$ cat target.cif   # mmCIF, C-alpha atoms and all ligand atoms
data_query
loop_
_atom_site.label_atom_id
_atom_site.label_comp_id
_atom_site.auth_asym_id
_atom_site.auth_seq_id
_atom_site.Cartn_x
_atom_site.Cartn_y
_atom_site.Cartn_z
CA MET P 14 -17.42 -7.75 23.16
CA ASN P 15 -15.18 -10.14 21.22
CA SER P 16 -11.59 -10.75 22.22
CA LEU P 17 -9.96 -9.06 19.22
CA LYS P 18 -11.81 -5.89 20.10
CA GLN P 19 -10.76 -6.25 23.75
CA HIS P 20 -7.14 -6.79 22.75
CA PHE P 21 -7.12 -3.70 20.54
CA GLN P 22 -8.68 -1.59 23.28
CA LEU P 23 -6.19 -2.90 25.80
CA VAL P 24 -3.16 -2.18 23.60
CA ARG P 25 -4.45 1.25 22.56
CA ASN P 26 -4.99 2.09 26.24
CA GLN P 27 -1.50 0.81 27.04
CA ILE P 28 -0.01 3.04 24.35
CA ARG P 29 -1.95 6.05 25.54
CA ALA P 30 -0.92 5.48 29.17
CA ALA P 31 2.72 5.16 28.10
CA GLU P 32 2.47 8.37 26.05
CA ILE P 33 1.10 10.21 29.08
CA ALA P 34 3.69 8.70 31.44
CA ALA P 35 6.48 9.80 29.10
CA ASN P 36 5.03 13.30 28.56
CA ARG P 37 4.56 12.46 24.91
CA THR P 38 1.77 13.90 22.76
CA ILE P 39 -1.26 11.61 22.76
CA GLY P 40 -1.46 9.97 19.36
CA SER P 41 2.25 10.40 18.61
CA VAL P 42 2.84 6.64 18.71
CA GLN P 43 1.43 4.62 15.86
CA LEU P 44 0.25 1.06 16.38
CA LEU P 45 1.55 -1.32 13.73
CA ALA P 46 -0.45 -4.55 13.95
CA VAL P 47 1.87 -7.45 13.17
CA SER P 48 -0.32 -9.98 11.38
CA LYS P 49 2.26 -12.58 10.32
CA THR P 50 0.83 -16.15 10.34
CA LYS P 51 -2.68 -14.74 10.91
CA PRO P 52 -5.37 -15.16 8.23
CA ALA P 53 -6.83 -12.38 6.11
CA GLU P 54 -10.12 -12.59 8.03
CA GLN P 55 -8.38 -11.47 11.21
CA ILE P 56 -6.81 -8.54 9.39
CA ALA P 57 -10.23 -7.62 8.02
CA ALA P 58 -11.70 -7.80 11.53
CA ALA P 59 -8.94 -5.55 12.86
CA TYR P 60 -9.55 -3.17 9.96
CA ARG P 61 -13.19 -2.89 10.98
CA LEU P 62 -11.94 -1.85 14.43
CA GLY P 63 -10.14 1.07 12.77
CA GLN P 64 -6.67 -0.44 12.33
CA ARG P 65 -5.00 0.60 9.06
CA HIS P 66 -1.28 -0.27 9.39
CA PHE P 67 -0.28 -3.94 9.25
CA GLY P 68 3.17 -5.52 9.43
CA GLU P 69 4.18 -8.74 7.70
CA ASN P 70 7.42 -10.77 7.86
CA TYR P 71 7.02 -13.43 5.20
CA LEU P 72 6.75 -12.21 1.64
CA GLN P 73 4.78 -15.04 0.01
CA GLU P 74 2.27 -15.11 2.82
CA ALA P 75 1.90 -11.32 2.72
CA LEU P 76 1.31 -11.21 -1.05
CA ILE P 77 -1.53 -13.72 -0.78
CA LYS P 78 -3.22 -11.78 2.00
CA GLN P 79 -2.77 -8.51 0.11
CA GLN P 80 -4.68 -9.99 -2.81
CA GLN P 81 -7.44 -11.23 -0.54
CA LEU P 82 -7.66 -7.76 1.04
CA ALA P 83 -7.24 -5.69 -2.11
CA ALA P 84 -10.52 -3.86 -1.44
CA PHE P 85 -9.25 -2.51 1.89
CA ASN P 86 -7.29 0.69 2.25
CA ILE P 87 -4.42 -0.89 4.19
CA SER P 88 -0.93 0.47 4.66
CA TRP P 89 1.42 -2.53 4.41
CA HIS P 90 4.74 -2.62 6.26
CA PHE P 91 7.39 -5.23 5.51
CA ILE P 92 9.28 -6.03 8.72
CA GLY P 93 11.03 -9.35 7.99
CA PRO P 94 14.48 -10.32 6.73
CA ILE P 95 14.99 -9.40 3.07
CA GLN P 96 16.73 -11.60 0.52
CA SER P 97 18.14 -9.57 -2.35
CA ASN P 98 16.30 -11.66 -4.97
CA LYS P 99 12.97 -10.78 -3.29
CA THR P 100 13.21 -7.00 -3.39
CA LYS P 101 11.01 -6.46 -6.44
CA PRO P 102 7.69 -7.63 -4.97
CA ILE P 103 8.53 -5.77 -1.78
CA ALA P 104 9.17 -2.57 -3.74
CA CYS P 105 5.88 -3.03 -5.61
CA HIS P 106 3.52 -4.10 -2.83
CA PHE P 107 4.49 -2.31 0.37
CA ASP P 108 4.30 1.24 1.72
CA TRP P 109 7.02 0.83 4.32
CA VAL P 110 10.06 -1.42 4.78
CA HIS P 111 11.48 -1.51 8.32
CA SER P 112 14.20 -4.10 7.88
CA VAL P 113 16.74 -2.55 5.50
CA ASP P 114 20.21 -3.43 6.76
CA ARG P 115 22.50 -3.00 3.77
CA LEU P 116 23.01 -0.64 0.87
CA LYS P 117 22.52 -3.29 -1.81
CA ILE P 118 18.97 -3.97 -0.60
CA ALA P 119 18.18 -0.25 -0.50
CA GLU P 120 19.54 0.27 -4.01
CA ARG P 121 17.44 -2.55 -5.40
CA LEU P 122 14.29 -1.32 -3.64
CA SER P 123 14.85 2.15 -5.08
CA GLU P 124 15.46 0.86 -8.62
CA GLN P 125 12.46 -1.45 -8.48
CA ARG P 126 9.98 0.96 -6.90
CA PRO P 127 7.32 1.58 -9.57
CA ALA P 128 7.36 5.16 -10.88
CA ASN P 129 3.61 5.60 -10.32
CA LEU P 130 3.95 4.99 -6.57
CA PRO P 131 5.21 7.47 -3.97
CA PRO P 132 8.72 6.89 -2.58
CA LEU P 133 8.97 3.80 -0.39
CA ASN P 134 9.26 4.64 3.32
CA ILE P 135 12.38 3.07 4.81
CA CYS P 136 13.70 2.36 8.28
CA LEU P 137 17.22 1.06 8.78
CA GLN P 138 17.41 -1.92 11.09
CA VAL P 139 20.01 -1.47 13.80
CA ASN P 140 21.33 -4.32 15.91
CA ILE P 141 21.35 -2.56 19.26
CA SER P 142 21.99 -5.62 21.41
CA GLY P 143 25.15 -6.29 19.45
CA GLU P 144 24.79 -10.06 19.09
CA ASP P 145 26.47 -11.43 15.99
CA SER P 146 23.52 -13.59 15.01
CA LYS P 147 20.87 -10.91 14.59
CA SER P 148 20.34 -8.90 11.45
CA GLY P 149 20.84 -5.18 11.51
CA ILE P 150 23.76 -2.80 11.20
CA ARG P 151 25.94 -1.78 14.10
CA LEU P 152 25.28 1.66 15.53
CA GLU P 153 28.65 2.90 14.22
CA GLN P 154 27.55 2.12 10.66
CA LEU P 155 24.41 4.24 10.91
CA PRO P 156 25.69 7.68 9.76
CA GLU P 157 27.26 6.27 6.59
CA LEU P 158 24.25 4.16 5.59
CA VAL P 159 21.90 7.08 6.30
CA LYS P 160 23.85 9.22 3.85
CA GLN P 161 23.88 6.53 1.17
CA VAL P 162 20.18 5.68 1.45
CA GLN P 163 19.15 9.33 1.44
CA ALA P 164 20.75 9.64 -1.99
CA LEU P 165 18.42 7.02 -3.51
CA PRO P 166 15.63 8.68 -5.48
CA SER P 167 12.69 6.33 -4.96
CA LEU P 168 13.14 5.86 -1.23
CA ARG P 169 12.21 8.12 1.64
CA LEU P 170 14.40 7.37 4.62
CA ARG P 171 12.25 7.76 7.72
CA GLY P 172 14.30 6.41 10.61
CA VAL P 173 15.39 3.29 12.41
CA MET P 174 14.03 -0.06 13.53
CA ALA P 175 15.33 -2.34 16.26
CA ILE P 176 14.58 -5.70 17.85
CA PRO P 177 16.61 -5.95 21.05
CA GLU P 178 17.20 -9.11 23.08
CA PRO P 179 14.12 -9.88 25.17
CA GLU P 180 14.58 -8.46 28.65
CA ASP P 181 12.18 -8.43 31.61
CA ASP P 182 13.55 -5.51 33.58
CA TYR P 183 11.98 -2.18 32.59
CA GLN P 184 15.12 -0.08 33.08
CA ARG P 185 17.22 -2.54 31.12
CA GLN P 186 14.60 -2.60 28.36
CA ARG P 187 15.00 1.16 28.02
CA GLN P 188 18.77 1.22 27.72
CA PRO P 189 19.34 0.10 24.10
CA TYR P 190 16.42 2.23 22.90
CA ARG P 191 17.85 5.31 24.57
CA GLN P 192 21.20 4.67 22.92
CA LEU P 193 19.62 4.33 19.49
CA TYR P 194 17.42 7.39 19.93
CA GLN P 195 20.40 9.51 20.94
CA ALA P 196 22.47 8.26 18.01
CA VAL P 197 19.74 9.36 15.59
CA GLN P 198 19.37 12.76 17.34
CA GLN P 199 23.09 13.31 16.85
CA LEU P 200 22.61 13.06 13.09
CA ASN P 201 20.49 16.20 13.41
CA GLN P 202 18.15 15.41 10.53
CA PRO P 203 14.50 16.28 11.10
CA SER P 204 13.42 14.02 8.21
CA LEU P 205 14.40 11.03 10.36
CA ASP P 206 11.14 11.12 12.29
CA SER P 207 10.40 7.42 12.77
CA PHE P 208 11.53 5.13 15.57
CA SER P 209 10.17 1.63 15.03
CA TYR P 210 10.71 -0.27 18.25
CA GLY P 211 8.71 -1.86 21.03
CA MET P 212 6.80 -5.12 20.79
CA SER P 213 4.18 -6.79 22.98
CA GLY P 214 6.59 -7.29 25.88
CA ASP P 215 8.27 -3.88 26.09
CA LEU P 216 6.13 -1.18 24.51
CA GLU P 217 6.16 1.06 27.62
CA ALA P 218 9.96 1.14 27.69
CA ALA P 219 10.07 1.81 23.95
CA ILE P 220 7.59 4.69 24.19
CA ALA P 221 9.51 6.16 27.12
CA GLU P 222 12.55 6.24 24.81
CA GLY P 223 10.96 7.86 21.80
CA ALA P 224 9.28 5.09 19.81
CA THR P 225 6.90 6.45 17.16
CA ILE P 226 5.85 3.04 15.79
CA VAL P 227 5.31 0.03 18.04
CA ARG P 228 5.03 -3.33 16.30
CA ILE P 229 2.57 -5.49 18.18
CA GLY P 230 1.55 -9.03 17.23
CA THR P 231 0.84 -11.37 20.11
CA ALA P 232 -0.96 -8.87 22.34
CA LEU P 233 -3.45 -8.19 19.53
CA PHE P 234 -3.89 -11.47 17.68
CA GLY P 235 -2.85 -13.99 20.34
CA SER P 236 0.12 -16.33 20.29
CA ARG P 237 1.43 -17.81 17.06
C1 LIG P 301 6.78 -10.85 15.16
C2 LIG P 301 7.38 -9.51 15.16
C3 LIG P 301 6.84 -8.48 15.96
C4 LIG P 301 5.68 -8.67 16.90
O1 LIG P 301 6.11 -9.38 18.02
P1 LIG P 301 5.08 -9.71 19.22
O2 LIG P 301 5.99 -10.15 20.32
O3 LIG P 301 4.20 -10.80 18.72
O4 LIG P 301 4.35 -8.48 19.56
C5 LIG P 301 7.43 -7.23 15.86
N1 LIG P 301 8.47 -6.99 15.04
C6 LIG P 301 9.01 -7.96 14.28
C7 LIG P 301 10.16 -7.62 13.39
C8 LIG P 301 8.48 -9.24 14.32
O5 LIG P 301 9.05 -10.18 13.55
#

$ encode --input "target.cif" --output "structure tokens"
Amino acid sequence: MNSLKQHFQLVRNQIRAAEIAANRTIGSVQLLAVSKTKPAEQIAAAYRLGQRHFGENYLQEALIKQQQLAAFNISWHFIGPIQSNKTKPIACHFDWVHSVDRLKIAERLSEQRPANLPPLNICLQVNISGEDSKSGIRLEQLPELVKQVQALPSLRLRGVMAIPEPEDDYQRQRQPYRQLYQAVQQLNQPSLDSFSYGMSGDLEAAIAEGATIVRIGTALFGSR
């Protein structure tokens, strides 16, 4: 068995074990394979193993790979920082955007989403570790931005995304996720059904705290 196949089996087993440990429904957590810096051939190989959702951070790189893989039925997720002059290709070529952190970006994505495509699925990126340097809104800004983004016609607001500070301790990994999950529950909006958090190093903690999409790169494709 080749190593990509082993890695996928390992991560899928890890997700399943975490779902069971957290009393979550099996299959309720979606694996988003983060393929940034990896060639189209590796995406194709993962596709043949049944993977359909892929996450990319760098727009130019993603557009090239999308062309190379046009024959595949892939769901593309944009998860990287967004410059406002780059929203058009994102609106045209992706199914999901996880990294929306201001209204202006959301407005542009909505305006530029082609009319023949379904609404673009959106997660709002929240800075749950609270460092100044990271992108993402503060938790206090969430209710207001949720309201504003929900009013945009060509977007479908699905939930939140977070990238906390790396942390080794399992209980401390859980803390910011719990806080974010509770903040979304308080909004009491069933349409906010997506919690995009958990990476290679902390997917168990994320799943224990309600993650519905884990974004995994290294554990699947190896180091970058
Ligand atoms: C690179 C990246 C990931 C994947 O991280 P790994 O540690 O390689 O699993 C997930 N989310 C975002 C936003 C990333 O940029």

$ residues_near_point --input "target.cif" --point "(-3.1, -19.0, 10.9)" --cutoff "12 Å" --atoms "all atoms listed in the file" --output "VMD selection string"
chain P and resid 48 to 56 74 78 234 to 237

$ closest_residue --input "target.cif" --among "P:Gln43, P:Gln163, P:Gln138, P:Ser112" --to "Arg151 in chain P" --atoms "all atoms listed in the file"
P:Gln138

$ residues_around --input "target.cif" --residues "range 180-190 of chain P" --least-positions-apart "3" --cutoff "7 Å" --atoms "all atoms listed in the file" --output "MDAnalysis selection string"
chainID P and resid 141:142 193:194 215 218:219 222

$ residues_near_ligand --input "target.cif" --ligand "ligand LIG 301 (chain P)" --cutoff "10 Å" --atoms "only C-alpha atoms and all ligand atoms" --output "PDB file with C-alpha atoms, in the frame of the given file"
ATOM      1  CA  LEU P  45       1.550  -1.320  13.730  1.00  0.00           C
ATOM      2  CA  ALA P  46      -0.450  -4.550  13.950  1.00  0.00           C
ATOM      3  CA  VAL P  47       1.870  -7.450  13.170  1.00  0.00           C
ATOM      4  CA  SER P  48      -0.320  -9.980  11.380  1.00  0.00           C
ATOM      5  CA  LYS P  49       2.260 -12.580  10.320  1.00  0.00           C
ATOM      6  CA  THR P  50       0.830 -16.150  10.340  1.00  0.00           C
ATOM      7  CA  GLY P  68       3.170  -5.520   9.430  1.00  0.00           C
ATOM      8  CA  GLU P  69       4.180  -8.740   7.700  1.00  0.00           C
ATOM      9  CA  ASN P  70       7.420 -10.770   7.860  1.00  0.00           C
ATOM     10  CA  TYR P  71       7.020 -13.430   5.200  1.00  0.00           C
ATOM     11  CA  PHE P  91       7.390  -5.230   5.510  1.00  0.00           C
ATOM     12  CA  ILE P  92       9.280  -6.030   8.720  1.00  0.00           C
ATOM     13  CA  GLY P  93      11.030  -9.350   7.990  1.00  0.00           C
ATOM     14  CA  PRO P  94      14.480 -10.320   6.730  1.00  0.00           C
ATOM     15  CA  HIS P 111      11.480  -1.510   8.320  1.00  0.00           C
ATOM     16  CA  SER P 112      14.200  -4.100   7.880  1.00  0.00           C
ATOM     17  CA  GLN P 138      17.410  -1.920  11.090  1.00  0.00           C
ATOM     18  CA  MET P 174      14.030  -0.060  13.530  1.00  0.00           C
ATOM     19  CA  ALA P 175      15.330  -2.340  16.260  1.00  0.00           C
ATOM     20  CA  ILE P 176      14.580  -5.700  17.850  1.00  0.00           C
ATOM     21  CA  PRO P 179      14.120  -9.880  25.170  1.00  0.00           C
ATOM     22  CA  SER P 209      10.170   1.630  15.030  1.00  0.00           C
ATOM     23  CA  TYR P 210      10.710  -0.270  18.250  1.00  0.00           C
ATOM     24  CA  GLY P 211       8.710  -1.860  21.030  1.00  0.00           C
ATOM     25  CA  MET P 212       6.800  -5.120  20.790  1.00  0.00           C
ATOM     26  CA  SER P 213       4.180  -6.790  22.980  1.00  0.00           C
ATOM     27  CA  GLY P 214       6.590  -7.290  25.880  1.00  0.00           C
ATOM     28  CA  ASP P 215       8.270  -3.880  26.090  1.00  0.00           C
ATOM     29  CA  LEU P 216       6.130  -1.180  24.510  1.00  0.00           C
ATOM     30  CA  VAL P 227       5.310   0.030  18.040  1.00  0.00           C
ATOM     31  CA  ARG P 228       5.030  -3.330  16.300  1.00  0.00           C
ATOM     32  CA  ILE P 229       2.570  -5.490  18.180  1.00  0.00           C
ATOM     33  CA  GLY P 230       1.550  -9.030  17.230  1.00  0.00           C
ATOM     34  CA  THR P 231       0.840 -11.370  20.110  1.00  0.00           C
ATOM     35  CA  ALA P 232      -0.960  -8.870  22.340  1.00  0.00           C
ATOM     36  CA  LEU P 233      -3.450  -8.190  19.530  1.00  0.00           C
ATOM     37  CA  PHE P 234      -3.890 -11.470  17.680  1.00  0.00           C
ATOM     38  CA  GLY P 235      -2.850 -13.990  20.340  1.00  0.00           C
ATOM     39  CA  SER P 236       0.120 -16.330  20.290  1.00  0.00           C
ATOM     40  CA  ARG P 237       1.430 -17.810  17.060  1.00  0.00           C
TER      41      ARG P 237
END

$ closest_residue --input "target.cif" --among "P:Arg37, P:Leu62, P:Val42, P:Ala196" --to "Ser16 in chain P" --atoms "only C-alpha atoms"
P:Leu62

$ closest_residue --input "target.cif" --among "P:Val173, P:Ile118, P:Leu168, P:Ala59" --to "Leu152 in chain P" --atoms "all atoms listed in the file"
P:Val173

$ closest_residue --input "target.cif" --among "P:Gln161, P:Glu153, P:Arg169, P:Glu120" --to "Asp108 in chain P" --atoms "all atoms listed in the file"
P:Arg169

$ atom_distance --input "target.cif" --atom1 "CA of Asn129 in chain P" --atom2 "CA of Thr225 in chain P"
27.7 Å
